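Shown below: entry-v5.txt, with compact mmCIF, C-alpha atoms.
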# COMPACT_ATOMS: atom_id res chain seq x y z
CA MET J 1 -80.07 57.17 98.83
CA LYS J 2 -76.71 55.85 97.70
CA VAL J 3 -76.53 52.48 96.00
CA ILE J 4 -75.33 49.55 98.14
CA PRO J 5 -73.74 46.92 95.86
CA TYR J 6 -73.95 43.23 96.67
CA ALA J 7 -70.14 42.95 96.58
CA ARG J 8 -67.16 45.25 96.17
CA GLN J 9 -63.37 45.16 96.32
CA LEU J 10 -61.48 46.90 99.14
CA ILE J 11 -58.38 48.78 97.95
CA ASP J 12 -56.37 50.96 100.34
CA ARG J 13 -53.26 53.12 100.20
CA SER J 14 -50.89 50.21 100.82
CA ASP J 15 -52.33 48.42 97.77
CA LEU J 16 -51.89 51.51 95.59
CA ASN J 17 -48.30 51.92 96.77
CA ALA J 18 -47.49 48.26 96.05
CA VAL J 19 -48.84 48.49 92.50
CA ALA J 20 -47.07 51.79 91.85
CA LYS J 21 -43.77 50.29 93.02
CA ALA J 22 -44.21 47.33 90.66
CA LEU J 23 -45.05 49.63 87.74
CA LYS J 24 -41.84 51.59 88.34
CA SER J 25 -39.70 48.43 88.48
CA ASP J 26 -37.89 46.69 85.62
CA TRP J 27 -40.60 44.04 85.37
CA LEU J 28 -44.23 44.32 84.32
CA THR J 29 -44.93 40.62 83.69
CA GLN J 30 -43.41 37.29 84.76
CA GLY J 31 -40.98 38.96 87.13
CA PRO J 32 -40.13 38.61 90.83
CA ALA J 33 -43.54 39.75 92.10
CA VAL J 34 -45.21 36.69 90.53
CA ARG J 35 -42.89 34.31 92.36
CA ASP J 36 -43.24 36.33 95.55
CA PHE J 37 -47.03 36.04 95.44
CA GLU J 38 -46.80 32.32 94.76
CA ASP J 39 -44.46 31.88 97.73
CA LYS J 40 -46.77 33.90 99.96
CA LEU J 41 -49.78 31.79 98.91
CA CYS J 42 -47.86 28.64 99.84
CA GLN J 43 -46.88 30.10 103.21
CA TYR J 44 -50.47 31.08 103.92
CA SER J 45 -52.19 27.89 102.75
CA GLY J 46 -49.59 25.27 103.65
CA ALA J 47 -49.44 23.89 100.10
CA LYS J 48 -45.99 23.08 98.66
CA TYR J 49 -46.50 24.67 95.25
CA ALA J 50 -48.49 27.54 93.72
CA VAL J 51 -48.87 28.70 90.12
CA CYS J 52 -50.53 32.07 89.58
CA LEU J 53 -52.59 32.48 86.44
CA ALA J 54 -54.71 34.96 84.50
CA ASN J 55 -57.96 33.99 86.26
CA GLY J 56 -59.71 31.24 88.20
CA THR J 57 -61.15 29.71 85.03
CA ALA J 58 -57.62 29.32 83.64
CA ALA J 59 -56.70 27.59 86.91
CA LEU J 60 -59.51 25.06 86.47
CA HIS J 61 -58.56 24.47 82.83
CA ILE J 62 -54.89 23.93 83.66
CA ALA J 63 -55.83 21.66 86.57
CA MET J 64 -57.72 19.38 84.19
CA MET J 65 -54.78 19.28 81.79
CA ALA J 66 -52.21 18.67 84.53
CA LEU J 67 -54.28 15.75 85.85
CA GLY J 68 -54.52 14.21 82.39
CA VAL J 69 -58.29 14.63 82.00
CA SER J 70 -58.97 14.37 78.27
CA ARG J 71 -61.42 13.44 75.54
CA GLY J 72 -63.75 10.62 76.56
CA ASP J 73 -63.22 11.18 80.29
CA LYS J 74 -65.84 12.48 82.71
CA THR J 75 -65.87 14.82 85.70
CA LEU J 76 -68.37 15.47 88.48
CA THR J 77 -69.17 18.78 90.17
CA SER J 78 -72.08 20.57 91.81
CA PRO J 79 -74.85 22.08 89.69
CA VAL J 80 -74.88 25.09 92.05
CA THR J 81 -71.70 26.86 91.02
CA PHE J 82 -70.41 29.24 88.41
CA SER J 83 -70.23 27.47 85.04
CA ALA J 84 -66.40 27.43 85.03
CA SER J 85 -66.45 24.49 87.48
CA ALA J 86 -68.00 22.40 84.69
CA ASN J 87 -66.67 24.27 81.63
CA CYS J 88 -63.13 23.18 82.49
CA ALA J 89 -64.06 19.59 81.59
CA VAL J 90 -65.48 20.68 78.24
CA TYR J 91 -62.28 22.59 77.45
CA VAL J 92 -60.30 19.33 77.45
CA GLY J 93 -62.94 17.26 75.64
CA ALA J 94 -64.34 15.54 78.75
CA LYS J 95 -68.02 15.28 79.68
CA PRO J 96 -69.16 17.27 82.73
CA GLY J 97 -71.48 15.51 85.15
CA PHE J 98 -73.23 16.72 88.28
CA ILE J 99 -74.15 15.50 91.76
CA ASP J 100 -77.15 17.22 93.32
CA ILE J 101 -76.71 19.35 96.43
CA ASP J 102 -77.91 18.70 99.94
CA CYS J 103 -80.64 21.14 100.91
CA ARG J 104 -78.87 22.55 103.97
CA SER J 105 -75.26 23.26 103.02
CA TYR J 106 -75.79 23.60 99.23
CA HIS J 107 -72.64 21.54 98.72
CA MET J 108 -72.36 18.38 96.66
CA ASP J 109 -74.43 15.78 98.52
CA ILE J 110 -72.10 13.17 99.99
CA ASP J 111 -74.66 10.34 100.04
CA ARG J 112 -75.58 10.99 96.41
CA LEU J 113 -71.90 10.96 95.44
CA LYS J 114 -71.40 7.63 97.23
CA SER J 115 -74.44 6.13 95.56
CA PHE J 116 -73.46 7.39 92.12
CA LEU J 117 -69.92 6.01 92.28
CA LYS J 118 -70.99 2.59 93.57
CA ALA J 119 -72.23 1.62 90.10
CA PRO J 120 -69.24 0.62 87.89
CA SER J 121 -71.08 1.70 84.76
CA ARG J 122 -71.59 5.23 86.11
CA ARG J 123 -68.09 5.73 87.46
CA ASN J 124 -66.44 4.46 84.29
CA ARG J 125 -64.04 7.09 82.88
CA ILE J 126 -64.65 9.55 85.74
CA LYS J 127 -61.23 11.12 86.19
CA ALA J 128 -61.93 14.00 88.58
CA VAL J 129 -64.46 15.28 91.11
CA VAL J 130 -64.64 19.05 91.59
CA PRO J 131 -66.26 19.88 94.96
CA VAL J 132 -67.16 23.55 95.38
CA HIS J 133 -66.72 25.36 98.69
CA PHE J 134 -69.83 27.35 97.92
CA MET J 135 -70.25 30.77 99.64
CA GLY J 136 -66.93 30.20 101.40
CA THR J 137 -68.46 27.51 103.62
CA VAL J 138 -66.42 24.31 103.67
CA SER J 139 -67.68 21.16 101.99
CA ASP J 140 -66.86 17.76 103.53
CA ILE J 141 -63.60 17.48 101.65
CA VAL J 142 -62.25 14.75 103.96
CA GLU J 143 -65.16 12.45 103.12
CA ILE J 144 -65.03 13.34 99.42
CA ARG J 145 -61.34 12.49 99.29
CA ASP J 146 -61.97 9.18 101.04
CA ILE J 147 -64.76 8.26 98.60
CA CYS J 148 -62.76 9.21 95.51
CA SER J 149 -59.60 7.45 96.68
CA ARG J 150 -61.44 4.10 96.59
CA TYR J 151 -61.82 4.46 92.82
CA GLY J 152 -58.62 6.28 91.90
CA ILE J 153 -60.47 9.51 91.14
CA LYS J 154 -58.65 12.83 91.48
CA VAL J 155 -60.05 15.67 93.60
CA VAL J 156 -59.90 19.31 92.53
CA GLU J 157 -61.15 21.71 95.19
CA ASP J 158 -62.88 24.73 93.69
CA ALA J 159 -62.03 27.20 96.43
CA ALA J 160 -62.78 30.34 94.41
CA HIS J 161 -65.15 31.31 97.27
CA ALA J 162 -63.11 29.98 100.16
CA LEU J 163 -59.69 31.57 100.60
CA GLY J 164 -59.31 32.06 104.34
CA ALA J 165 -61.63 29.18 105.26
CA LYS J 166 -60.48 26.15 107.28
CA TYR J 167 -61.68 22.90 108.78
CA LYS J 168 -60.74 20.64 111.69
CA TYR J 169 -59.07 17.31 111.00
CA LYS J 170 -57.87 15.06 113.83
CA GLY J 171 -57.92 17.98 116.23
CA SER J 172 -55.95 20.40 114.04
CA TRP J 173 -57.15 23.24 111.84
CA ILE J 174 -56.43 22.73 108.13
CA LYS J 175 -56.64 25.66 105.75
CA VAL J 176 -58.58 25.31 102.53
CA GLY J 177 -55.85 25.36 99.89
CA SER J 178 -53.41 23.15 101.77
CA CYS J 179 -54.37 20.25 99.45
CA LYS J 180 -54.30 17.99 102.49
CA HIS J 181 -57.33 16.17 101.07
CA SER J 182 -57.14 16.99 97.37
CA ASP J 183 -54.78 16.80 94.42
CA VAL J 184 -55.30 20.43 93.41
CA THR J 185 -57.00 23.50 94.82
CA ILE J 186 -57.91 26.45 92.61
CA LEU J 187 -58.37 30.07 93.75
CA SER J 188 -59.86 33.17 92.14
CA PHE J 189 -58.75 36.77 92.66
CA HIS J 190 -61.66 38.46 90.88
CA PRO J 191 -62.49 41.90 92.40
CA ILE J 192 -65.36 40.63 94.55
CA LYS J 193 -63.40 37.69 96.01
CA HIS J 194 -61.58 37.78 99.37
CA ILE J 195 -58.46 39.29 97.84
CA THR J 196 -58.09 40.67 94.35
CA THR J 197 -55.47 41.09 91.65
CA GLY J 198 -58.04 42.68 89.32
CA GLU J 199 -58.38 39.41 87.44
CA GLY J 200 -56.33 36.42 88.49
CA GLY J 201 -56.31 32.92 89.86
CA ALA J 202 -53.99 30.22 91.17
CA ILE J 203 -53.38 26.50 91.35
CA LEU J 204 -52.18 25.04 94.64
CA THR J 205 -50.81 21.51 94.88
CA ASN J 206 -48.41 19.26 96.80
CA ASP J 207 -47.53 17.23 93.69
CA LYS J 208 -44.36 18.38 91.93
CA LYS J 209 -45.38 16.84 88.60
CA ILE J 210 -48.70 18.72 88.61
CA TYR J 211 -46.81 21.89 89.52
CA GLU J 212 -44.32 21.53 86.68
CA LYS J 213 -47.06 20.78 84.16
CA ALA J 214 -49.05 23.80 85.32
CA LEU J 215 -45.99 26.05 84.93
CA SER J 216 -45.49 24.79 81.39
CA PHE J 217 -49.16 25.04 80.36
CA ARG J 218 -49.30 28.60 81.72
CA HIS J 219 -46.67 29.73 79.21
CA HIS J 220 -47.57 28.09 75.86
CA GLY J 221 -46.22 24.69 76.95
CA ILE J 222 -42.64 25.98 76.83
CA ILE J 223 -39.98 23.87 78.53
CA ARG J 224 -36.42 25.03 79.04
CA SER J 225 -33.42 22.85 79.84
CA ASN J 226 -30.23 23.88 81.59
CA ALA J 227 -28.31 21.49 79.31
CA LYS J 228 -29.13 23.64 76.26
CA PRO J 229 -28.05 27.20 75.36
CA ALA J 230 -29.91 29.81 77.42
CA TRP J 231 -32.02 30.86 74.44
CA PHE J 232 -33.25 27.35 73.62
CA TYR J 233 -36.76 26.12 74.42
CA ASP J 234 -39.07 23.36 73.28
CA ILE J 235 -42.83 22.75 73.27
CA SER J 236 -43.88 19.12 73.68
CA GLU J 237 -47.51 19.78 74.71
CA LEU J 238 -49.74 22.64 73.65
CA GLY J 239 -50.12 25.30 76.32
CA PHE J 240 -51.75 28.70 76.63
CA ASN J 241 -50.95 32.29 77.42
CA TYR J 242 -52.43 32.26 80.92
CA ARG J 243 -49.75 34.43 82.50
CA ILE J 244 -50.42 37.04 85.17
CA THR J 245 -48.57 40.35 85.49
CA ASP J 246 -46.12 41.54 88.13
CA PHE J 247 -48.22 44.54 89.11
CA GLN J 248 -51.26 42.28 89.61
CA CYS J 249 -49.22 40.01 91.88
CA ALA J 250 -47.85 43.01 93.77
CA LEU J 251 -51.47 43.88 94.52
CA GLY J 252 -52.08 40.25 95.52
CA VAL J 253 -49.19 40.26 98.01
CA SER J 254 -50.48 43.48 99.57
CA GLN J 255 -54.05 42.16 99.76
CA LEU J 256 -52.96 38.84 101.26
CA LYS J 257 -51.51 40.68 104.27
CA LYS J 258 -55.03 41.88 105.10
CA LEU J 259 -56.88 38.63 104.33
CA ASN J 260 -57.42 37.44 107.91
CA LYS J 261 -58.70 40.86 108.94
CA MET J 262 -61.11 41.00 105.99
CA VAL J 263 -62.40 37.48 106.67
CA LYS J 264 -63.08 38.41 110.30
CA ARG J 265 -65.02 41.43 109.09
CA ARG J 266 -67.08 39.26 106.74
CA ARG J 267 -67.86 36.85 109.57
CA ARG J 268 -68.96 39.71 111.85
CA LEU J 269 -71.32 40.98 109.15
CA VAL J 270 -72.75 37.45 108.69
CA LYS J 271 -73.24 37.07 112.44
CA ASN J 272 -75.12 40.36 112.49
CA TYR J 273 -77.34 39.35 109.56
CA ASN J 274 -78.09 36.01 111.20
CA ARG J 275 -79.05 37.66 114.48
CA TYR J 276 -81.74 39.77 112.83
CA PHE J 277 -82.94 37.36 110.15
CA ALA J 278 -83.35 34.46 112.56
CA GLN J 279 -86.50 36.29 113.68
CA ILE J 280 -88.05 36.09 110.20
CA PRO J 281 -89.53 32.59 109.63
CA GLN J 282 -89.67 33.04 105.84
CA ILE J 283 -85.85 33.20 105.66
CA GLN J 284 -83.53 30.18 105.75
CA LEU J 285 -80.06 31.20 106.95
CA PRO J 286 -76.75 29.86 105.61
CA PHE J 287 -75.38 26.72 107.27
CA GLU J 288 -71.82 26.36 108.52
CA ARG J 289 -70.84 22.74 109.13
CA PRO J 290 -69.49 21.86 112.60
CA ASP J 291 -65.70 22.03 112.95
CA THR J 292 -65.37 24.40 110.00
CA TYR J 293 -64.57 28.10 109.74
CA ALA J 294 -66.24 29.73 106.74
CA SER J 295 -64.71 32.76 105.04
CA TYR J 296 -68.07 33.87 103.53
CA HIS J 297 -67.52 35.14 100.03
CA LEU J 298 -71.33 35.30 99.74
CA TYR J 299 -74.24 35.63 102.14
CA VAL J 300 -77.03 33.57 100.58
CA VAL J 301 -80.47 33.26 102.14
CA ARG J 302 -83.38 31.17 100.92
CA LEU J 303 -86.81 32.76 100.76
CA LYS J 304 -89.88 30.59 101.17
CA LYS J 305 -93.21 30.96 99.34
CA ASN J 306 -91.68 32.32 96.11
CA LYS J 307 -90.69 35.63 97.67
CA ARG J 308 -87.21 35.79 96.06
CA ASN J 309 -88.04 37.83 92.96
CA GLN J 310 -90.31 40.17 94.91
CA LEU J 311 -87.59 40.89 97.48
CA TYR J 312 -84.99 41.33 94.72
CA ASP J 313 -87.18 43.95 93.02
CA TYR J 314 -88.11 45.66 96.29
CA LEU J 315 -84.49 46.06 97.40
CA ARG J 316 -83.42 47.23 93.96
CA LYS J 317 -86.06 49.99 94.06
CA ASN J 318 -84.48 51.03 97.36
CA ASN J 319 -80.97 51.13 95.85
CA ILE J 320 -79.85 47.87 97.45
CA LEU J 321 -78.38 45.49 94.90
CA THR J 322 -78.56 41.74 95.38
CA GLN J 323 -77.65 38.75 93.20
CA VAL J 324 -78.78 35.22 92.40
CA ASN J 325 -75.89 32.75 92.83
CA TYR J 326 -76.38 30.67 90.72
CA ILE J 327 -78.56 29.44 87.89
CA PRO J 328 -77.86 25.66 88.07
CA VAL J 329 -75.31 24.85 85.38
CA HIS J 330 -77.31 21.99 83.90
CA LEU J 331 -80.15 24.41 83.06
CA LEU J 332 -77.94 26.65 80.90
CA SER J 333 -78.67 26.31 77.18
CA PHE J 334 -75.17 25.09 76.33
CA TYR J 335 -75.48 22.14 78.72
CA ARG J 336 -79.04 21.33 77.72
CA ASN J 337 -78.27 21.44 74.00
CA ASN J 338 -74.91 19.66 74.06
CA PHE J 339 -75.24 17.16 76.91
CA GLY J 340 -78.96 16.50 77.13
CA TYR J 341 -79.53 17.85 80.63
CA LYS J 342 -83.08 18.93 81.41
CA ARG J 343 -85.22 20.45 84.09
CA GLY J 344 -85.87 17.93 86.86
CA ASP J 345 -82.44 16.25 86.66
CA PHE J 346 -81.23 17.78 89.94
CA PRO J 347 -84.33 18.77 91.95
CA GLU J 348 -82.59 20.07 95.08
CA ALA J 349 -80.45 22.44 93.03
CA GLU J 350 -83.49 23.63 91.10
CA LYS J 351 -85.50 24.22 94.27
CA TYR J 352 -82.59 26.12 95.78
CA PHE J 353 -82.34 28.27 92.65
CA LYS J 354 -85.98 29.38 92.94
CA GLU J 355 -85.43 30.56 96.52
CA CYS J 356 -81.85 31.89 96.78
CA LEU J 357 -80.70 35.49 97.08
CA SER J 358 -77.26 36.91 97.88
CA LEU J 359 -77.45 39.98 100.10
CA PRO J 360 -74.69 42.62 100.24
CA LEU J 361 -71.50 41.31 101.85
CA TYR J 362 -68.02 42.81 101.58
CA PRO J 363 -65.42 44.11 104.07
CA GLY J 364 -66.16 47.75 103.25
CA LEU J 365 -69.88 47.39 104.04
CA SER J 366 -70.42 49.86 106.88
CA CYS J 367 -72.54 49.09 109.94
CA GLY J 368 -74.95 51.81 108.85
CA ASP J 369 -75.34 50.40 105.35
CA GLN J 370 -75.82 46.88 106.69
CA LEU J 371 -78.49 48.15 109.07
CA ARG J 372 -80.20 49.78 106.09
CA VAL J 373 -80.24 46.41 104.29
CA ILE J 374 -81.58 44.66 107.40
CA ASN J 375 -84.31 47.23 107.98
CA GLN J 376 -85.47 47.08 104.36
CA VAL J 377 -85.65 43.27 104.47
CA LYS J 378 -87.63 43.42 107.72
CA LYS J 379 -89.91 46.07 106.24
CA PHE J 380 -90.55 43.88 103.18
CA PHE J 381 -91.68 40.95 105.31
CA LYS J 382 -93.88 43.13 107.51

I need this file expressed as structure tokens, please.
Amino acid sequence: MKVIPYARQLIDRSDLNAVAKALKSDWLTQGPAVRDFEDKLCQYSGAKYAVCLANGTAALHIAMMALGVSRGDKTLTSPVTFSASANCAVYVGAKPGFIDIDCRSYHMDIDRLKSFLKAPSRRNRIKAVVPVHFMGTVSDIVEIRDICSRYGIKVVEDAAHALGAKYKYKGSWIKVGSCKHSDVTILSFHPIKHITTGEGGAILTNDKKIYEKALSFRHHGIIRSNAKPAWFYDISELGFNYRITDFQCALGVSQLKKLNKMVKRRRRLVKNYNRYFAQIPQIQLPFERPDTYASYHLYVVRLKKNKRNQLYDYLRKNNILTQVNYIPVHLLSFYRNNFGYKRGDFPEAEKYFKECLSLPLYPGLSCGDQLRVINQVKKFFK
């Protein structure tokens, strides 16, 4: 039997043609395709400004710098995320903190966030909260923004999983990435995300100052002035080489045209999984909050009675690859050794980790292959 991966990019002829055209042009990097992709991201999301970068981790790093998070400051994020959501604080000398998840949505628990920030001693020096739209389901970003605004804390949406998702606010649909309820949103264009540029990421914002800082930090901190000779530049703050290429952005523009179609396909696959797995009492299905529209980067189920590892091994023997998303960040050796986190600090995240499994989900997953996954899962539980 052929191997069914847990995730895979979808590249078609139009993508190949777009990249080939860019490769034959006068620009390979920092040319018109970069700006075109940034403009298209703004048009799609509703944000005023976009800065495309080398990857989603670079976007998180630059977001911290642009918001002025620095040594001695603190940030808060979810323990159930890829480590980059917390690493970005360490990059700028800040201390990463965590708020445990709620057991249904796997997002940062709103009540725990409220309780944590009520104590002046705990919220001291917290500069930014980084909510994660985990799986592509939408966290309660409206409530998080309201809570953080009371204390002057910035909000950075980690939407690496959630391009194409949206939520209702006062009767209107708001796209994740619009920054309607955040200072910055970051995206990832890794191959298994909703659209890909190979590697790549972006910052979205409605704040011109954040935008201008992000542009500068992307390119070594270089600032040019029209009042000087054309060749003149200056560097007032240290930046990085986080640039993205023209041919990557040409691929991004082509992929973005198909985003809505690919999200609909993901949602159909999720609906089909849910229909079958709802009949298996040992499986807890993903939860989509009311008045939200998830874009489903991942399809994560929870398996009761310690069946996760057994199902993982069983499916692997049958050439069906799954994944565990994620090991809670606070349990990683770097965070335990450098920040004193320990097992038991965030019990909901740790319980989730013992039970979670990501089943295959990607637009190119055929109906036949999905049915094979479903039948093998049903067979395992029988």

Write out as CSV the residues of stretch 217-246 of chain J that have any atom within 10 Å of an atom of stretch 24-36 of chain J, one row each with the nearest atom pair and its distance in Å to one decimal, counting only C-alpha atoms, sorted by chain and then rising number.
residue,atom,partner,partner_atom,distance
J:His219,CA,J:Gln30,CA,9.9
J:Arg243,CA,J:Gln30,CA,7.3
J:Ile244,CA,J:Thr29,CA,6.7
J:Thr245,CA,J:Thr29,CA,4.1
J:Asp246,CA,J:Thr29,CA,4.7

Output file for the selection above: C-alpha atoms, as an mmCIF file, in the coordinates of the input:
data_model
loop_
_atom_site.group_PDB
_atom_site.id
_atom_site.type_symbol
_atom_site.label_atom_id
_atom_site.label_comp_id
_atom_site.auth_asym_id
_atom_site.auth_seq_id
_atom_site.Cartn_x
_atom_site.Cartn_y
_atom_site.Cartn_z
ATOM 1 C CA HIS J 219 -46.670 29.730 79.210
ATOM 2 C CA ARG J 243 -49.750 34.430 82.500
ATOM 3 C CA ILE J 244 -50.420 37.040 85.170
ATOM 4 C CA THR J 245 -48.570 40.350 85.490
ATOM 5 C CA ASP J 246 -46.120 41.540 88.130
#

**OP:** Please provide the set of residues having any atom within 9 Å of stretch 310-327 of chain J, restricted to all atoms listed in the file, with same-chain residues fewer than 3 positions apart removed, written as a ChimeraX atom specification.
**Re:** /J:1-7,79-83,298,300,303,306-307,330-332,349-350,353-354,356-360,372-373,376-377,380-381

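Take the candidates J:Leu10, J:Leu371, J:Ile141, J:Ala63 and check each one against J:Val184 using all atoms listed in the file; the shortest distance goes to J:Ala63.
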
Original post:
Which residue, J:Tyr362, J:Tyr91, J:Tyr49, J:Phe189, has the smallest gap to J:Ser295 when you use only C-alpha atoms?
Top reply: J:Tyr362

Original post:
What is the distance, in Å and to one decimal place, between atom CA of J:Tyr169 and atom CA of J:Ser182?
Top reply: 13.8 Å

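Atom CA of J:Val301 is positioned 20.0 Å from atom CA of J:Ser366.
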
Who sits within 10 Å of J:Gly152, all atoms listed in the file, same chain under 2 positions skipped, as an mmCIF file with C-alpha atoms, in the frame of the given file:
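Below you can see out.cif, which holds the result:
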data_model
loop_
_atom_site.group_PDB
_atom_site.id
_atom_site.type_symbol
_atom_site.label_atom_id
_atom_site.label_comp_id
_atom_site.auth_asym_id
_atom_site.auth_seq_id
_atom_site.Cartn_x
_atom_site.Cartn_y
_atom_site.Cartn_z
ATOM 1 C CA ILE J 126 -64.650 9.550 85.740
ATOM 2 C CA LYS J 127 -61.230 11.120 86.190
ATOM 3 C CA ALA J 128 -61.930 14.000 88.580
ATOM 4 C CA ILE J 147 -64.760 8.260 98.600
ATOM 5 C CA CYS J 148 -62.760 9.210 95.510
ATOM 6 C CA SER J 149 -59.600 7.450 96.680
ATOM 7 C CA ARG J 150 -61.440 4.100 96.590
ATOM 8 C CA LYS J 154 -58.650 12.830 91.480
ATOM 9 C CA VAL J 155 -60.050 15.670 93.600
#

Subject >> Who sits within 12 Å of stretch 205-209 of chain J, all atoms listed in the file, same chain under 3 positions skipped, as a PyMOL selection string >> reply: chain J and resi 38+41-42+45-52+59+63+65-68+155-157+176-187+202+212-216

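Picture a line from atom CA of J:Gly340 to atom CA of J:Arg145; it runs 28.6 Å.
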
Would you fill out stretch 288-304 of chain J with N, CA and C atoms and return it as a short mmCIF file (atom, residue, chain, number, x, y, z; two decimals), in the frame of the given file?
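That gives us result-v5.cif:
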data_model
loop_
_atom_site.label_atom_id
_atom_site.label_comp_id
_atom_site.auth_asym_id
_atom_site.auth_seq_id
_atom_site.Cartn_x
_atom_site.Cartn_y
_atom_site.Cartn_z
N GLU J 288 -73.26 26.57 108.39
CA GLU J 288 -71.82 26.36 108.52
C GLU J 288 -71.59 25.03 109.24
N ARG J 289 -71.00 24.07 108.55
CA ARG J 289 -70.84 22.74 109.13
C ARG J 289 -70.01 22.80 110.41
N PRO J 290 -70.30 21.91 111.38
CA PRO J 290 -69.49 21.86 112.60
C PRO J 290 -68.01 21.63 112.27
N ASP J 291 -67.15 22.17 113.09
CA ASP J 291 -65.70 22.03 112.95
C ASP J 291 -65.19 22.62 111.63
N THR J 292 -65.86 23.66 111.16
CA THR J 292 -65.37 24.40 110.00
C THR J 292 -65.41 25.89 110.33
N TYR J 293 -64.65 26.65 109.57
CA TYR J 293 -64.57 28.10 109.74
C TYR J 293 -64.73 28.70 108.35
N ALA J 294 -65.93 29.21 108.07
CA ALA J 294 -66.24 29.73 106.74
C ALA J 294 -65.64 31.12 106.56
N SER J 295 -65.25 31.42 105.32
CA SER J 295 -64.71 32.76 105.04
C SER J 295 -65.74 33.65 104.35
N TYR J 296 -66.90 33.12 104.01
CA TYR J 296 -68.07 33.87 103.53
C TYR J 296 -67.75 34.86 102.41
N HIS J 297 -67.55 34.31 101.23
CA HIS J 297 -67.52 35.14 100.03
C HIS J 297 -68.91 35.70 99.75
N LEU J 298 -69.94 34.90 99.98
CA LEU J 298 -71.33 35.30 99.74
C LEU J 298 -72.16 35.10 101.01
N TYR J 299 -73.23 35.87 101.12
CA TYR J 299 -74.24 35.63 102.14
C TYR J 299 -75.55 35.32 101.42
N VAL J 300 -75.86 34.03 101.34
CA VAL J 300 -77.03 33.57 100.58
C VAL J 300 -78.12 33.13 101.55
N VAL J 301 -79.30 33.72 101.39
CA VAL J 301 -80.47 33.26 102.14
C VAL J 301 -81.44 32.61 101.17
N ARG J 302 -82.29 31.76 101.71
CA ARG J 302 -83.38 31.17 100.92
C ARG J 302 -84.70 31.74 101.41
N LEU J 303 -85.55 32.10 100.46
CA LEU J 303 -86.81 32.76 100.76
C LEU J 303 -87.97 31.84 100.40
N LYS J 304 -88.78 31.51 101.38
CA LYS J 304 -89.88 30.59 101.17
C LYS J 304 -91.06 31.29 100.51
#
